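Let me begin by presenting the structure, written as structure tokens, before commenting on it.
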Amino acid sequence: MNEVIVITSGKGGVGKTTTSANIGTSLAMDGHSVVLVDADIGLRNLDVIMGLENRIVYDIIDVIEGNCRLKQALIKDKQYPNLFLLPAAQTRDKDAISPDQMQKLCNSLRNDFEYIIIDCPAGIEQGFKNAIAGADKAIVVTTPEVSAVRDADRIIGLLEAHDLRNPKLILNRVRVDMVKRGDMMSIEDVTEILAIDIIGVVPDDESIVISSNCGEPAVKDEKSRAGQAFRNISKRICGEDISFINLEENATFFNKIKKMFK
Amino acid sequence: MDFSSFFSRKAPSTKDTAKDRLKLVLIHDRANCSTQVLEMLKTDIIKVISNYMDIDEDELDMQITQTSSEDSNKTVPVLYANIPIKSIRKLQK
């Protein structure tokens, strides 16, 4: 059963593109055929996160306007032959495509790929409507901040209004030290407010910045904790029952001593 | 007692502030009810009630807030209105 999954958030900068790249790569590492679709027309970024920016010839608008065949626009990943990217156009804007066209595109991709991951632009306007048009499922990314959670709530409402029921939540950039201090909302706090199922919790991790510097998604790095969180999420997407990682597993010596006194 | 909190003074945690503020903001967002709509509702209610009694319009307080639900421990949104009556003379007319 081939699936179209849209990664969305409402607020910008919470990690949609990073999430898309990591989930897509991880699914491909597990042997699935995957295509990543960058729906952020005018502000394309998935190509640089994937390290494929030098290989772009055609983009999503070229496909929709019939300037090239779909296969010509798909860029094969450097490492995984079953992973492809359909890049966004950089010189056009969100109005260059319609929800209908997007739906058709998703349906033709569905013939060739098990997972179609759509990286949605920030906002709730045309770009958002296009990105969700062809999707079967939605994943909402948020961080434990007031503004991001508020926007996530709005997006959940809009997804349901567009018949994308039961979206799943990814809580990104969690800092355990701050949660413990009571200075950051916990997983429970956020799920209580948003009242949707959580599919993953990703710790705030330097390895995400490092991996974006190099154009190599963090899931490829065995040691990256954020990468581990994303690998778990992609397994859950495939229906595996994976328990949530203990965000404190890298406890320092000092923290261990502190724990003994509790 | 927590070892670390023994040394640090107990201040209200900022995450609770965040949570409370969020909950209130979301009630308004979800109700799709702007202050403008609330103002219109207020005017209409004053109009209706004034048919029956004299009310103190300046002291009238109306807001959307939250209360704990009776059948579960969840909080639910409520329309709260405090409408002081000046006199109920009109009733006897």
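How things are named: the first chain in the structure tokens is A, the next is B, and so on; residues count from 1 in each chain; ligands count from 1 in the order shown.
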Problem set entry | Residues near Leu26 in chain B, cut-off 12 Å, only C-alpha atoms, skip fewer than 5 positions along chain, as a count of residues only | 24
For this session: Within 9 Å of range 77-92 of chain A, counting only C-alpha atoms, which residues show up once you throw out same-chain ones fewer than 2 positions away? Write them as a PyMOL selection string, please.
Result: chain A and resi 24-25+27-29+31-47+50-53+56+58-62+70+73-75+94-96+113
Exercise. Taking only C-alpha atoms into account, which residues of chain A are within 12 Å of chain B, as JSON, numbers by chain?
Worked result: {"A": [144, 145, 146, 147, 148, 149, 150, 151, 152, 153, 154, 155, 156, 157, 158, 178, 179, 180, 181, 182, 183, 184, 185, 186, 187, 188, 189, 190, 191, 192, 193, 194, 195, 255, 257, 258, 259, 260, 261, 262]}
Residue selection dump (N, CA and C atoms) as a compact mmCIF listing (two decimals), in the first residue's frame:
# COMPACT_ATOMS: atom_id res chain seq x y z
N PRO A 144 8.58 22.54 21.56
CA PRO A 144 7.84 22.85 22.79
C PRO A 144 7.80 24.34 23.11
N GLU A 145 7.39 25.15 22.15
CA GLU A 145 7.29 26.58 22.39
C GLU A 145 5.86 27.04 22.13
N VAL A 146 5.47 28.09 22.83
CA VAL A 146 4.09 28.58 22.76
C VAL A 146 3.67 28.85 21.31
N SER A 147 4.52 29.57 20.56
CA SER A 147 4.13 29.96 19.20
C SER A 147 4.01 28.75 18.29
N ALA A 148 4.94 27.81 18.40
CA ALA A 148 4.92 26.64 17.52
C ALA A 148 3.72 25.73 17.83
N VAL A 149 3.39 25.59 19.12
CA VAL A 149 2.27 24.73 19.50
C VAL A 149 0.96 25.36 19.06
N ARG A 150 0.88 26.68 19.20
CA ARG A 150 -0.33 27.36 18.76
C ARG A 150 -0.57 27.15 17.27
N ASP A 151 0.49 27.33 16.47
CA ASP A 151 0.35 27.16 15.03
C ASP A 151 0.04 25.70 14.68
N ALA A 152 0.63 24.78 15.42
CA ALA A 152 0.36 23.36 15.19
C ALA A 152 -1.13 23.08 15.41
N ASP A 153 -1.71 23.70 16.43
CA ASP A 153 -3.13 23.50 16.72
C ASP A 153 -3.99 23.98 15.56
N ARG A 154 -3.59 25.12 15.01
CA ARG A 154 -4.33 25.68 13.88
C ARG A 154 -4.24 24.74 12.67
N ILE A 155 -3.04 24.24 12.43
CA ILE A 155 -2.80 23.33 11.30
C ILE A 155 -3.62 22.04 11.47
N ILE A 156 -3.67 21.52 12.68
CA ILE A 156 -4.43 20.29 12.93
C ILE A 156 -5.90 20.52 12.56
N GLY A 157 -6.43 21.68 12.94
CA GLY A 157 -7.80 22.04 12.60
C GLY A 157 -8.00 22.10 11.09
N LEU A 158 -7.04 22.73 10.39
CA LEU A 158 -7.15 22.87 8.94
C LEU A 158 -7.02 21.52 8.23
N MET A 178 16.06 21.31 30.27
CA MET A 178 15.09 22.39 30.49
C MET A 178 13.73 21.85 30.94
N VAL A 179 13.33 20.70 30.39
CA VAL A 179 12.06 20.09 30.80
C VAL A 179 12.13 19.75 32.28
N LYS A 180 13.28 19.20 32.70
CA LYS A 180 13.44 18.81 34.11
C LYS A 180 13.39 20.01 35.04
N ARG A 181 13.95 21.11 34.56
CA ARG A 181 13.96 22.35 35.35
C ARG A 181 12.57 22.97 35.41
N GLY A 182 11.68 22.52 34.52
CA GLY A 182 10.35 23.12 34.45
C GLY A 182 10.33 24.35 33.57
N ASP A 183 11.36 24.49 32.72
CA ASP A 183 11.41 25.65 31.84
C ASP A 183 11.07 25.31 30.39
N MET A 184 10.63 24.09 30.16
CA MET A 184 10.18 23.73 28.82
C MET A 184 9.04 22.74 28.96
N MET A 185 8.02 22.90 28.10
CA MET A 185 6.88 21.99 28.16
C MET A 185 7.34 20.57 27.82
N SER A 186 6.80 19.62 28.55
CA SER A 186 7.18 18.22 28.33
C SER A 186 6.32 17.61 27.22
N ILE A 187 6.64 16.37 26.86
CA ILE A 187 5.87 15.64 25.85
C ILE A 187 4.40 15.59 26.27
N GLU A 188 4.19 15.27 27.55
CA GLU A 188 2.82 15.14 28.07
C GLU A 188 2.08 16.48 27.98
N ASP A 189 2.79 17.57 28.32
CA ASP A 189 2.16 18.89 28.27
C ASP A 189 1.65 19.19 26.86
N VAL A 190 2.50 18.93 25.87
CA VAL A 190 2.14 19.27 24.49
C VAL A 190 1.04 18.36 23.97
N THR A 191 1.14 17.06 24.25
CA THR A 191 0.10 16.15 23.73
C THR A 191 -1.24 16.42 24.44
N GLU A 192 -1.18 16.84 25.69
CA GLU A 192 -2.42 17.17 26.40
C GLU A 192 -3.13 18.35 25.72
N ILE A 193 -2.34 19.35 25.34
CA ILE A 193 -2.91 20.54 24.72
C ILE A 193 -3.42 20.25 23.31
N LEU A 194 -2.62 19.54 22.52
CA LEU A 194 -2.99 19.34 21.11
C LEU A 194 -3.93 18.16 20.91
N ALA A 195 -3.96 17.24 21.87
CA ALA A 195 -4.85 16.09 21.83
C ALA A 195 -4.74 15.28 20.53
N ASN A 255 25.41 14.21 36.24
CA ASN A 255 23.97 13.95 36.33
C ASN A 255 23.68 12.65 37.06
N ILE A 257 25.48 11.31 39.39
CA ILE A 257 25.69 11.56 40.82
C ILE A 257 24.46 12.26 41.41
N LYS A 258 23.99 13.25 40.64
CA LYS A 258 22.82 14.00 41.09
C LYS A 258 21.61 13.08 41.28
N LYS A 259 21.48 12.15 40.34
CA LYS A 259 20.36 11.21 40.39
C LYS A 259 20.38 10.38 41.67
N MET A 260 21.59 10.04 42.13
CA MET A 260 21.72 9.21 43.30
C MET A 260 21.15 9.87 44.55
N PHE A 261 21.07 11.20 44.50
CA PHE A 261 20.58 11.91 45.67
C PHE A 261 19.08 12.12 45.65
N LYS A 262 18.45 11.69 44.55
CA LYS A 262 17.02 11.96 44.42
C LYS A 262 16.18 10.95 45.18
For this session: From a DSSP calculation on the backbone, collect every residue of range 29-177 of chain A in helix (DSSP H, G or I) and output the set as a PyMOL selection string.
Result: chain A and resi 29+46-50+53-55+60-64+70-73+94-96+99-110+126-133+146-161+176-177
Can you spit out the residues from that selection as a short mmCIF file (atom, residue, chain, number, x, y, z; two decimals), in the first residue's frame, using C-alpha atoms?
data_model
loop_
_atom_site.label_atom_id
_atom_site.label_comp_id
_atom_site.auth_asym_id
_atom_site.auth_seq_id
_atom_site.Cartn_x
_atom_site.Cartn_y
_atom_site.Cartn_z
CA MET A 29 17.84 2.81 4.34
CA LEU A 46 15.26 20.07 0.73
CA ASP A 47 17.89 19.80 -2.04
CA VAL A 48 20.62 21.35 0.14
CA ILE A 49 19.66 19.32 3.20
CA MET A 50 19.95 16.18 1.05
CA GLU A 53 21.70 20.89 -4.96
CA ASN A 54 24.24 20.49 -7.78
CA ARG A 55 22.25 17.88 -9.63
CA ILE A 60 8.30 20.25 -9.96
CA ILE A 61 6.96 23.16 -12.06
CA ASP A 62 8.68 21.78 -15.18
CA VAL A 63 6.87 18.49 -14.59
CA ILE A 64 3.51 20.16 -14.04
CA LEU A 70 8.37 13.14 -14.37
CA LYS A 71 11.28 10.67 -14.47
CA GLN A 72 13.61 13.35 -15.85
CA ALA A 73 13.01 15.65 -12.89
CA LYS A 94 3.26 29.12 -4.72
CA ASP A 95 0.52 30.09 -7.17
CA ALA A 96 2.36 28.38 -10.02
CA PRO A 99 -4.17 21.56 -5.61
CA ASP A 100 -5.59 19.56 -8.54
CA GLN A 101 -2.24 19.42 -10.30
CA MET A 102 -0.54 18.40 -7.09
CA GLN A 103 -3.04 15.62 -6.57
CA LYS A 104 -2.40 14.28 -10.07
CA LEU A 105 1.34 14.44 -9.49
CA CYS A 106 1.03 12.49 -6.23
CA ASN A 107 -1.06 9.86 -7.94
CA SER A 108 1.47 9.29 -10.68
CA LEU A 109 4.28 9.07 -8.10
CA ARG A 110 2.22 6.52 -6.20
CA GLN A 126 -1.85 28.42 -1.17
CA GLY A 127 1.42 26.55 -0.62
CA PHE A 128 -0.05 24.64 2.30
CA LYS A 129 -3.23 23.83 0.36
CA ASN A 130 -1.17 22.53 -2.57
CA ALA A 131 1.08 20.43 -0.35
CA ILE A 132 -1.77 18.64 1.43
CA ALA A 133 -3.95 18.16 -1.66
CA VAL A 146 4.09 28.58 22.76
CA SER A 147 4.13 29.96 19.20
CA ALA A 148 4.92 26.64 17.52
CA VAL A 149 2.27 24.73 19.50
CA ARG A 150 -0.33 27.36 18.76
CA ASP A 151 0.35 27.16 15.03
CA ALA A 152 0.36 23.36 15.19
CA ASP A 153 -3.13 23.50 16.72
CA ARG A 154 -4.33 25.68 13.88
CA ILE A 155 -2.80 23.33 11.30
CA ILE A 156 -4.43 20.29 12.93
CA GLY A 157 -7.80 22.04 12.60
CA LEU A 158 -7.15 22.87 8.94
CA LEU A 159 -5.96 19.33 8.15
CA GLU A 160 -9.14 17.90 9.60
CA ALA A 161 -11.20 20.41 7.65
CA VAL A 176 15.61 17.33 28.64
CA ASP A 177 17.58 19.56 31.00
#
Problem set entry | Å distance separating CA of Val201 in chain A from CA of Glu125 in chain A, one decimal place | 27.3 Å
Problem set entry | Spatial neighbours of Val14 in chain A, max dist 8 Å, only C-alpha atoms, sep filter under 2 positions, as a list of chain:residue names | A:Ser9, A:Lys11, A:Gly12, A:Lys16, A:Val141, A:Thr142, A:Thr143, A:Ala148, A:Asn172
For this session: Find the distance between CA of Ser20 in chain A and CA of Ile117 in chain A and write it in Å to one decimal.
Result: 6.6 Å
Problem set entry | DSSP-assigned strand (DSSP E) members of range 171-251 of chain A, reported as JSON, numbers by chain | {"A": [171, 172, 173, 174, 198, 199, 200, 201, 202, 203]}
Exercise. With only C-alpha atoms as the atoms that count, which of B:Asp44, B:Val37, B:Asp56, B:Ser50 lies nearest to Pro84 in chain B?
Worked result: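 Of B:Asp44, B:Val37, B:Asp56, B:Ser50, the one nearest Pro84 in chain B is B:Asp56, counting only C-alpha atoms.
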